[in-house]
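Below: protein32.txt (compact mmCIF, C-alpha atoms)
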# COMPACT_ATOMS: atom_id res chain seq x y z
CA MET L 1 3.81 -22.58 14.49
CA LEU L 2 2.24 -21.53 17.79
CA TRP L 3 2.97 -17.84 17.22
CA SER L 4 1.66 -18.03 13.67
CA ALA L 5 -1.58 -19.48 15.05
CA ILE L 6 -1.75 -16.73 17.68
CA THR L 7 -1.19 -14.13 14.94
CA LEU L 8 -4.01 -15.70 12.92
CA ALA L 9 -6.30 -15.63 15.97
CA ALA L 10 -5.38 -11.98 16.64
CA TYR L 11 -6.11 -11.14 13.00
CA LEU L 12 -9.51 -12.86 13.04
CA THR L 13 -10.42 -11.06 16.28
CA ALA L 14 -9.26 -7.77 14.76
CA LEU L 15 -11.33 -8.43 11.64
CA TRP L 16 -14.39 -9.10 13.79
CA LEU L 17 -13.78 -5.88 15.76
CA TYR L 18 -13.39 -3.94 12.52
CA ARG L 19 -16.76 -5.14 11.21
CA ARG L 20 -18.33 -4.63 14.62
CA SER L 21 -17.14 -0.99 14.71
CA GLY L 22 -18.69 -0.27 11.31
CA HIS L 23 -15.27 -0.22 9.60
CA HIS L 24 -13.95 2.53 11.85
CA LEU L 25 -10.60 3.93 10.69
CA LEU L 26 -8.86 3.40 14.02
CA CYS L 27 -9.99 -0.24 14.13
CA LEU L 28 -7.97 -1.23 11.04
CA PRO L 29 -7.20 -4.94 11.48
CA VAL L 30 -3.47 -4.38 11.09
CA LEU L 31 -3.51 -1.97 14.08
CA THR L 32 -5.74 -3.88 16.49
CA GLY L 33 -4.25 -7.21 15.35
CA THR L 34 -0.74 -5.94 16.08
CA GLY L 35 -1.93 -4.61 19.44
CA LEU L 36 -3.29 -8.04 20.35
CA VAL L 37 -0.07 -9.76 19.27
CA LEU L 38 2.00 -7.31 21.34
CA ALA L 39 -0.25 -7.97 24.35
CA ALA L 40 0.19 -11.74 23.88
CA LEU L 41 3.97 -11.32 23.61
CA ALA L 42 4.02 -9.27 26.81
CA LEU L 43 1.86 -11.82 28.63
CA ALA L 44 4.05 -14.72 27.53
CA GLY L 45 7.23 -12.77 28.23
CA THR L 46 8.44 -13.52 24.69
CA GLY L 47 10.78 -11.12 22.94
CA TYR L 48 10.22 -9.85 19.41
CA PRO L 49 13.20 -11.70 17.86
CA VAL L 50 11.73 -15.05 18.95
CA TYR L 51 8.33 -14.05 17.57
CA ALA L 52 9.88 -12.82 14.30
CA GLU L 53 11.67 -16.13 13.82
CA ALA L 54 8.49 -18.10 14.58
CA THR L 55 6.42 -16.15 12.03
CA ARG L 56 8.97 -16.20 9.22
CA VAL L 57 6.62 -17.95 6.80
CA LEU L 58 3.86 -15.36 7.30
CA ARG L 59 6.31 -12.51 6.74
CA TRP L 60 7.74 -14.19 3.67
CA LEU L 61 4.27 -14.66 2.15
CA ALA L 62 3.83 -10.88 2.07
CA GLY L 63 6.27 -10.94 -0.89
CA PRO L 64 4.16 -13.10 -3.23
CA ALA L 65 1.10 -11.10 -2.06
CA VAL L 66 2.76 -7.89 -3.24
CA ILE L 67 3.45 -9.56 -6.59
CA ALA L 68 -0.26 -10.44 -6.75
CA LEU L 69 -1.02 -6.70 -6.65
CA ALA L 70 -0.19 -6.82 -10.37
CA VAL L 71 -3.60 -8.44 -11.00
CA PRO L 72 -5.81 -5.51 -9.83
CA LEU L 73 -3.30 -3.05 -11.27
CA TYR L 74 -3.51 -4.73 -14.68
CA ARG L 75 -7.32 -4.58 -14.57
CA GLN L 76 -7.34 -0.87 -13.74
CA ALA L 77 -4.61 0.01 -16.21
CA THR L 78 -7.19 0.06 -19.01
CA LEU L 79 -8.38 3.34 -17.45
CA LEU L 80 -5.00 4.81 -18.32
CA ARG L 81 -5.65 4.62 -22.05
CA ARG L 82 -8.06 7.54 -21.99
CA LEU L 83 -6.18 9.92 -19.70
CA ALA L 84 -2.62 8.57 -19.68
CA LEU L 85 -0.76 11.88 -19.82
CA PRO L 86 -2.65 13.80 -17.08
CA LEU L 87 -2.77 10.80 -14.76
CA LEU L 88 0.91 9.88 -15.13
CA ALA L 89 1.97 13.51 -14.71
CA ALA L 90 -0.12 13.80 -11.53
CA LEU L 91 1.41 10.52 -10.33
CA ALA L 92 4.92 11.86 -10.88
CA ALA L 93 4.11 15.14 -9.12
CA GLY L 94 2.43 13.52 -6.12
CA CYS L 95 4.98 10.73 -5.70
CA LEU L 96 8.02 13.01 -5.95
CA VAL L 97 6.56 15.62 -3.59
CA SER L 98 5.68 12.92 -1.06
CA VAL L 99 9.03 11.08 -1.06
CA LEU L 100 11.39 14.04 -1.54
CA GLY L 101 9.33 16.32 0.72
CA THR L 102 9.46 13.78 3.53
CA VAL L 103 13.21 13.21 3.26
CA ALA L 104 13.90 16.97 2.99
CA LEU L 105 11.74 17.85 5.98
CA CYS L 106 13.28 15.07 8.07
CA VAL L 107 16.81 16.18 7.22
CA LEU L 108 15.81 19.76 8.08
CA LEU L 109 14.48 18.59 11.44
CA GLY L 110 17.67 16.66 12.14
CA THR L 111 16.34 13.09 12.27
CA PRO L 112 18.65 10.19 11.37
CA MET L 113 18.57 9.16 7.70
CA SER L 114 17.13 5.73 8.56
CA PHE L 115 14.15 7.49 10.16
CA ALA L 116 13.68 9.71 7.08
CA LEU L 117 13.81 6.66 4.78
CA SER L 118 11.25 4.90 6.98
CA LEU L 119 8.75 7.77 6.61
CA ALA L 120 9.47 8.40 2.92
CA PRO L 121 7.18 5.69 1.44
CA LYS L 122 4.26 6.74 3.70
CA ALA L 123 1.82 7.40 0.82
CA ALA L 124 2.37 3.92 -0.67
CA THR L 125 0.18 0.95 0.08
CA MET L 126 1.40 -0.73 3.28
CA PRO L 127 2.97 -3.97 1.96
CA MET L 128 4.90 -2.03 -0.66
CA ALA L 129 5.88 0.70 1.82
CA LEU L 130 7.26 -1.86 4.30
CA LEU L 131 9.34 -3.59 1.64
CA ALA L 132 10.55 -0.32 0.11
CA ALA L 133 11.53 1.14 3.49
CA GLU L 134 13.40 -2.00 4.50
CA ARG L 135 15.25 -2.22 1.20
CA ALA L 136 16.24 1.46 1.34
CA GLY L 137 17.69 1.14 4.84
CA GLY L 138 14.70 2.23 6.91
CA VAL L 139 12.64 0.48 9.58
CA PRO L 140 9.50 -1.32 8.29
CA ALA L 141 7.59 -0.95 11.59
CA VAL L 142 8.15 2.83 11.66
CA ALA L 143 7.08 2.97 8.00
CA ALA L 144 3.85 1.18 8.98
CA MET L 145 3.04 3.87 11.56
CA ALA L 146 3.65 6.63 8.99
CA VAL L 147 1.51 4.78 6.41
CA VAL L 148 -1.41 4.59 8.85
CA ALA L 149 -1.04 8.25 9.90
CA THR L 150 -1.02 9.34 6.25
CA GLY L 151 -4.01 7.17 5.41
CA VAL L 152 -6.05 8.69 8.23
CA LEU L 153 -4.94 12.29 7.55
CA GLY L 154 -5.32 12.15 3.75
CA PRO L 155 -9.14 11.95 3.65
CA LEU L 156 -9.36 14.56 6.45
CA LEU L 157 -7.13 17.12 4.69
CA GLU L 158 -8.37 16.45 1.17
CA GLY L 159 -11.79 18.16 1.55
CA PRO L 160 -10.60 21.64 2.59
CA LEU L 161 -7.51 21.54 0.33
CA LEU L 162 -9.44 20.66 -2.82
CA ARG L 163 -11.99 23.37 -2.02
CA TRP L 164 -9.09 25.80 -1.68
CA LEU L 165 -7.78 24.66 -5.10
CA ARG L 166 -11.33 25.15 -6.46
CA VAL L 167 -11.66 21.58 -7.66
CA GLU L 168 -15.32 21.72 -8.53
CA GLU L 169 -17.64 18.81 -8.25
CA GLY L 170 -21.17 18.03 -9.24
CA PRO L 171 -22.98 19.18 -12.36
CA GLU L 172 -21.16 22.55 -12.72
CA GLY L 173 -17.68 21.12 -12.28
CA GLY L 174 -18.37 18.21 -14.60
CA ALA L 175 -16.68 14.85 -14.27
CA ASP L 176 -13.21 16.38 -13.87
CA GLY L 177 -13.75 17.21 -10.21
CA GLU L 178 -14.57 13.62 -9.41
CA VAL L 179 -11.57 12.34 -11.39
CA VAL L 180 -9.23 14.71 -9.52
CA ARG L 181 -10.66 13.84 -6.12
CA SER L 182 -10.63 10.06 -6.59
CA PHE L 183 -7.15 9.89 -8.09
CA THR L 184 -5.68 12.21 -5.44
CA LEU L 185 -7.21 10.23 -2.56
CA GLY L 186 -5.98 6.91 -3.93
CA LEU L 187 -2.50 8.30 -4.47
CA VAL L 188 -2.05 9.96 -1.08
CA ALA L 189 -4.02 7.69 1.23
CA HIS L 190 -3.63 4.20 -0.34
CA ALA L 191 -6.24 1.64 0.76
CA ILE L 192 -7.87 4.02 3.26
CA GLY L 193 -8.31 6.62 0.51
CA VAL L 194 -9.76 3.99 -1.82
CA ALA L 195 -12.22 2.95 0.90
CA ARG L 196 -13.19 6.61 1.34
CA VAL L 197 -13.82 7.04 -2.41
CA LEU L 198 -15.91 3.86 -2.31
CA GLN L 199 -18.16 5.58 0.23
CA THR L 200 -18.39 9.00 -1.44
CA HIS L 201 -17.94 8.37 -5.20
CA PRO L 202 -18.42 4.63 -5.83
CA GLY L 203 -18.48 5.31 -9.59
CA SER L 204 -14.82 6.27 -9.73
CA VAL L 205 -13.34 3.84 -7.22
CA ALA L 206 -11.31 2.09 -9.94
CA LEU L 207 -9.49 5.35 -10.55
CA ALA L 208 -8.54 5.56 -6.86
CA ALA L 209 -7.36 1.93 -6.92
CA LEU L 210 -5.30 2.69 -10.04
CA ALA L 211 -3.68 5.65 -8.27
CA MET L 212 -2.88 3.46 -5.25
CA GLY L 213 -1.29 0.74 -7.39
CA LEU L 214 0.71 3.16 -9.53
CA ASN L 215 1.95 5.10 -6.52
CA GLY L 216 3.01 1.91 -4.72
CA VAL L 217 5.22 0.98 -7.67
CA ALA L 218 6.45 4.55 -8.28
CA THR L 219 7.29 5.16 -4.62
CA ALA L 220 9.35 1.98 -4.37
CA MET L 221 11.27 2.97 -7.51
CA VAL L 222 11.89 6.58 -6.45
CA LEU L 223 13.00 5.43 -3.00
CA ALA L 224 15.37 2.89 -4.55
CA VAL L 225 17.03 5.52 -6.71
CA LEU L 226 17.15 7.99 -3.81
CA SER L 227 18.66 5.53 -1.33
CA ARG L 228 21.43 4.66 -3.74
CA TRP L 229 22.16 8.32 -4.40
CA LEU L 230 22.09 9.47 -0.73
CA MET C 231 -6.14 -19.21 6.55
CA SER C 232 -9.20 -20.65 4.84
CA ASP C 233 -11.35 -20.54 7.98
CA SER C 234 -11.87 -16.79 7.81
CA PRO C 235 -15.39 -15.45 8.34
CA THR C 236 -15.39 -13.51 5.05
CA PRO C 237 -17.95 -14.64 2.53
CA ARG C 238 -15.86 -16.15 -0.23
CA ARG C 239 -16.39 -17.96 -3.44
CA PRO C 240 -16.12 -21.75 -3.28
CA TRP C 241 -12.68 -23.27 -3.32
CA PRO C 242 -11.28 -23.23 -6.87
CA ALA C 243 -12.78 -25.96 -8.97
CA ARG C 244 -9.36 -26.76 -10.36
CA PRO C 245 -7.04 -26.85 -7.36
CA PHE C 246 -4.15 -28.07 -9.46
CA LYS C 247 -4.18 -24.92 -11.58
CA ALA C 248 -4.49 -22.77 -8.47
CA LEU C 249 -1.43 -24.50 -7.01
CA LEU C 250 0.38 -23.84 -10.25
CA ALA C 251 -0.52 -20.14 -10.06
CA MET C 252 0.71 -19.98 -6.45
CA ALA C 253 3.93 -21.69 -7.51
CA GLY C 254 4.23 -19.04 -10.21
CA LEU C 255 3.98 -16.23 -7.64
CA VAL C 256 6.56 -17.96 -5.43
CA ALA C 257 8.86 -18.44 -8.41
CA LEU C 258 8.56 -14.74 -9.30
CA GLN C 259 9.46 -13.87 -5.70
CA TRP C 260 12.54 -16.12 -5.85
CA LEU C 261 13.57 -14.68 -9.19
CA GLY C 262 13.13 -11.12 -7.92
CA ASP C 263 15.12 -11.84 -4.76
CA ALA C 264 17.86 -13.62 -6.70
CA PHE C 265 18.14 -10.74 -9.16
CA VAL C 266 18.31 -8.20 -6.34
CA ALA C 267 20.93 -10.27 -4.50
CA ARG C 268 23.01 -10.59 -7.66
CA THR C 269 22.87 -6.92 -8.73
CA GLY C 270 22.57 -5.22 -5.33
CA TRP C 271 19.76 -2.98 -6.65
CA PRO C 272 18.00 -1.32 -3.71
CA VAL C 273 14.51 -2.32 -4.98
CA PRO C 274 12.46 -5.02 -3.23
CA GLY C 275 12.51 -8.34 -5.10
CA SER C 276 8.71 -8.37 -5.00
CA LEU C 277 8.55 -5.14 -6.99
CA LEU C 278 10.50 -6.76 -9.82
CA GLY C 279 8.18 -9.77 -9.60
CA LEU C 280 5.17 -7.46 -9.80
CA LEU C 281 6.53 -5.72 -12.90
CA VAL C 282 7.30 -9.04 -14.62
CA LEU C 283 3.79 -10.31 -13.84
CA LEU C 284 2.27 -7.05 -15.08
CA ALA C 285 4.19 -7.33 -18.34
CA GLY C 286 3.11 -10.97 -18.63
CA LEU C 287 -0.55 -10.07 -18.13
CA ALA C 288 -0.29 -7.29 -20.69
CA LEU C 289 1.13 -9.77 -23.22
CA TRP C 290 -1.40 -12.47 -22.32
CA GLY C 291 -4.25 -9.97 -22.61
CA ARG C 292 -6.34 -11.20 -19.68
CA VAL C 293 -6.06 -12.55 -16.13
CA PRO C 294 -6.02 -16.38 -16.02
CA GLN C 295 -8.80 -17.71 -13.76
CA ALA C 296 -6.35 -19.70 -11.62
CA LEU C 297 -4.22 -16.64 -10.91
CA ASP C 298 -7.34 -14.74 -9.90
CA ASP C 299 -8.37 -17.61 -7.58
CA VAL C 300 -5.01 -17.39 -5.81
CA SER C 301 -4.44 -13.64 -5.77
CA ALA C 302 -7.91 -12.64 -4.51
CA PRO C 303 -7.68 -14.36 -1.07
CA LEU C 304 -3.99 -13.45 -0.76
CA LEU C 305 -4.79 -9.76 -1.27
CA ARG C 306 -7.92 -9.85 0.89
CA HIS C 307 -5.91 -11.09 3.87
CA LEU C 308 -2.73 -9.12 3.24
CA MET C 309 -3.12 -7.44 6.65
CA LEU C 310 -2.54 -10.81 8.35
CA LEU C 311 0.80 -11.15 6.59
CA LEU C 312 1.85 -7.67 7.68
CA ILE C 313 1.13 -8.04 11.41
CA PRO C 314 4.46 -9.80 12.21
CA SER C 315 6.43 -6.94 10.61
CA VAL C 316 4.36 -4.20 12.21
CA ALA C 317 4.68 -5.84 15.64
CA ALA C 318 8.35 -4.79 15.60
CA VAL C 319 7.06 -1.30 16.43
CA GLY C 320 7.54 -2.17 20.10
CA LEU C 321 11.32 -2.16 19.48
CA TYR C 322 11.17 1.32 17.97
CA ALA C 323 8.79 3.08 20.36
CA GLY C 324 11.73 5.09 21.73
CA LEU C 325 12.77 6.23 18.24
CA LEU C 326 9.19 7.32 17.46
CA VAL C 327 8.82 9.26 20.72
CA GLN C 328 12.22 10.88 20.25
CA HIS C 329 11.24 12.14 16.78
CA ALA C 330 7.55 12.65 17.48
CA VAL C 331 7.60 16.27 16.27
CA ALA C 332 9.20 15.32 12.94
CA PHE C 333 6.73 12.44 12.58
CA LEU C 334 3.73 14.76 13.12
CA LEU C 335 5.04 17.58 10.91
CA VAL C 336 5.84 15.15 8.09
CA SER C 337 2.52 13.33 8.43
CA VAL C 338 0.42 16.51 8.24
CA GLY C 339 2.63 18.80 6.15
CA VAL C 340 3.84 16.45 3.44
CA THR C 341 0.44 14.78 3.13
CA ALA C 342 -1.14 18.21 2.53
CA LEU C 343 1.59 19.12 0.01
CA THR C 344 1.14 15.81 -1.81
CA ILE C 345 -2.61 16.37 -2.12
CA VAL C 346 -2.08 19.88 -3.49
CA ALA C 347 0.65 18.79 -5.96
CA THR C 348 -1.40 15.85 -7.29
CA ALA C 349 -4.75 17.63 -7.53
CA TRP C 350 -3.29 20.82 -9.01
CA THR C 351 -1.35 18.96 -11.72
CA LEU C 352 -4.28 16.73 -12.63
CA GLN C 353 -6.77 19.61 -12.71
CA ARG C 354 -4.53 21.70 -14.96
CA LEU C 355 -3.83 18.90 -17.43
CA LEU C 356 -7.45 17.71 -17.58
CA LYS C 357 -8.51 21.22 -18.58
CA ARG C 358 -5.94 21.16 -21.35
CA VAL C 359 -6.99 17.72 -22.62
CA ARG C 360 -10.68 18.59 -22.76
CA PRO C 361 -11.16 22.35 -22.56
As structure tokens:
Amino acid sequence: MLWSAITLAAYLTALWLYRRSGHHLLCLPVLTGTGLVLAALALAGTGYPVYAEATRVLRWLAGPAVIALAVPLYRQATLLRRLALPLLAALAAGCLVSVLGTVALCVLLGTPMSFALSLAPKAATMPMALLAAERAGGVPAVAAMAVVATGVLGPLLEGPLLRWLRVEEGPEGGADGEVVRSFTLGLVAHAIGVARVLQTHPGSVALAALAMGLNGVATAMVLAVLSRWL
Amino acid sequence: MSDSPTPRRPWPARPFKALLAMAGLVALQWLGDAFVARTGWPVPGSLLGLLVLLAGLALWGRVPQALDDVSAPLLRHLMLLLIPSVAAVGLYAGLLVQHAVAFLLVSVGVTALTIVATAWTLQRLLKRVRP
């Protein structure tokens, strides 16, 4: 109970810091909150296993919260009706490249398979990535680091890459450019990508959220099949 | 968890229905976990729960107010629920340092590849749908 309360306090402090910093990427509440919890654990001389046992209820609640993701996904799914084929094909391409590319590159670089499986769901939204990594035989905490790295890098890399692909925006490019950009950012950079689209193209933020939701589900499924086959 | 500083809508007018919706989410989690334990499928139980709920919403045709009242705060404060799992990173600092090069190459390289694959596919197909 005490450690759950400390986690809550760390989270509220982290939330305050995040607002204070003007929603700076590196002040994501999950990062600073975890940092504060780790500092408290070090100060108290408490080991992680004790902390994990004490916060079991919090960790368990992440499950029902993931199930609740169905609500926003259902609301955005109406967008699929218009462009189902292109969007689902792009989802399949992006998801497969992300998961299989990560595992292939890790194997090539000689990392253990559990490390590869931890990085594999890195484009998925964090709660889903943690669950998928754990279930596939990876380490949730390592998955969390990869998820954050991908979320920060996605919006940075997307600008130059889409210019290179000649994804046009604005009046000449028509609406297609905006559709491509929003969906790609939501797929590759989960909640951070959605937040980025909200800043730059608020009109198509639902499309980014749809991409995030779909890719969370697709990544967990692909990883499940892959982990059974490996 | 209700003493967060976020501006929020007033507590659900019908707390009983909200409790029922929360019980529904918990039941879906139990069902998902039980199914996974029984079959040994490598998917998270929550994913199965999500798919069942999604199918249910599609059949129902709209989101019940009570479910919305429960899911909105749960999703808004998801980060809180993740902190205990992420805090395990201290145990794996050695693993991360040992494979730092792979971590960096995968983070940059595969993220770039994923962006290109997604954007290229979508751009091509959109042109075909509406030339």
Spatial neighbours of Leu161 of chain L, max dist 8 Å, only C-alpha atoms, sep filter under 6 positions, as a PyMOL selection string: chain C and resi 342+345-346
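Closest approach to Val205 of chain L from the set L:Leu79, L:Leu226, L:Cys27, L:Met128 is made by L:Leu79, with distances taken over all atoms listed in the file.
The space between atom CA of Val256 of chain C and atom CA of Leu130 of chain L spans 18.8 Å.
Straight-line separation from atom CA of Leu31 of chain L to atom CA of Thr344 of chain C: 24.3 Å.
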All residues 9 Å or closer to segment 293-298 of chain C, all atoms listed in the file, same chain fewer than 4 positions away omitted, as a PyMOL selection string: (chain L and resi 68+71+74-75) or (chain C and resi 242+244-252+254-255+287+302-303)
Spatial neighbours of segment 209-224 of chain L, max dist 8 Å, only C-alpha atoms, sep filter under 3 positions, as a ChimeraX atom specification: /L:69,73,76-77,91-92,95-96,99,117,120-121,123-125,128-129,132-133,135-136,183-184,186-191,194,205-206,227-228 /C:271-274,277
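Atom CA of Thr46 of chain L to atom CA of Gln328 of chain C spans 25.1 Å [interatomic distance, one decimal].
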Nearest to Phe115 of chain L by atom-to-atom distance, counting all atoms listed in the file, from L:Thr34, L:Ala146, L:Ser98, L:Pro127: L:Ala146
Of the listed residues C:Val300, C:Val331, C:Leu280, C:Ala285, that which approaches chain L most closely, counting all atoms listed in the file: C:Leu280
How would you write as a PDB file with C-alpha atoms, keeping the file's coordinate frame the residues that get within 12 Å of (-6.1, 20.0, -15.5) in the file's frame, counting all atoms listed in the file?
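Contents of out14.pdb, as written:
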ATOM      1  CA  LEU L  83      -6.180   9.920 -19.700  1.00  0.00           C
ATOM      2  CA  LEU L  85      -0.760  11.880 -19.820  1.00  0.00           C
ATOM      3  CA  PRO L  86      -2.650  13.800 -17.080  1.00  0.00           C
ATOM      4  CA  LEU L  87      -2.770  10.800 -14.760  1.00  0.00           C
ATOM      5  CA  ALA L  89       1.970  13.510 -14.710  1.00  0.00           C
ATOM      6  CA  ALA L  90      -0.120  13.800 -11.530  1.00  0.00           C
ATOM      7  CA  LEU L 165      -7.780  24.660  -5.100  1.00  0.00           C
ATOM      8  CA  ARG L 166     -11.330  25.150  -6.460  1.00  0.00           C
ATOM      9  CA  VAL L 167     -11.660  21.580  -7.660  1.00  0.00           C
ATOM     10  CA  GLU L 168     -15.320  21.720  -8.530  1.00  0.00           C
ATOM     11  CA  ALA L 175     -16.680  14.850 -14.270  1.00  0.00           C
ATOM     12  CA  ASP L 176     -13.210  16.380 -13.870  1.00  0.00           C
ATOM     13  CA  GLY L 177     -13.750  17.210 -10.210  1.00  0.00           C
ATOM     14  CA  VAL L 179     -11.570  12.340 -11.390  1.00  0.00           C
ATOM     15  CA  VAL L 180      -9.230  14.710  -9.520  1.00  0.00           C
TER      16      VAL L 180
ATOM     17  CA  ALA C 347       0.650  18.790  -5.960  1.00  0.00           C
ATOM     18  CA  THR C 348      -1.400  15.850  -7.290  1.00  0.00           C
ATOM     19  CA  ALA C 349      -4.750  17.630  -7.530  1.00  0.00           C
ATOM     20  CA  TRP C 350      -3.290  20.820  -9.010  1.00  0.00           C
ATOM     21  CA  THR C 351      -1.350  18.960 -11.720  1.00  0.00           C
ATOM     22  CA  LEU C 352      -4.280  16.730 -12.630  1.00  0.00           C
ATOM     23  CA  GLN C 353      -6.770  19.610 -12.710  1.00  0.00           C
ATOM     24  CA  ARG C 354      -4.530  21.700 -14.960  1.00  0.00           C
ATOM     25  CA  LEU C 355      -3.830  18.900 -17.430  1.00  0.00           C
ATOM     26  CA  LEU C 356      -7.450  17.710 -17.580  1.00  0.00           C
ATOM     27  CA  LYS C 357      -8.510  21.220 -18.580  1.00  0.00           C
ATOM     28  CA  ARG C 358      -5.940  21.160 -21.350  1.00  0.00           C
ATOM     29  CA  VAL C 359      -6.990  17.720 -22.620  1.00  0.00           C
ATOM     30  CA  ARG C 360     -10.680  18.590 -22.760  1.00  0.00           C
ATOM     31  CA  PRO C 361     -11.160  22.350 -22.560  1.00  0.00           C
TER      32      PRO C 361
END
Mind working out the centre and edge lengths of an axis-aligned box for segment 328-338 of chain C, all listed atoms inside, 4 Å added to each side, rounded to one decimal in Å and written as JSON?
{"center_x": 6.3, "center_y": 14.2, "center_z": 14.2, "size_x": 19.8, "size_y": 14.7, "size_z": 20.2}
Polymer residues at most 10 Å from (0.2, 14.7, 8.9) by all atoms listed in the file, as an MDAnalysis selection string: (chainID L and resid 146 149:154 156:157) or (chainID C and resid 332:342)
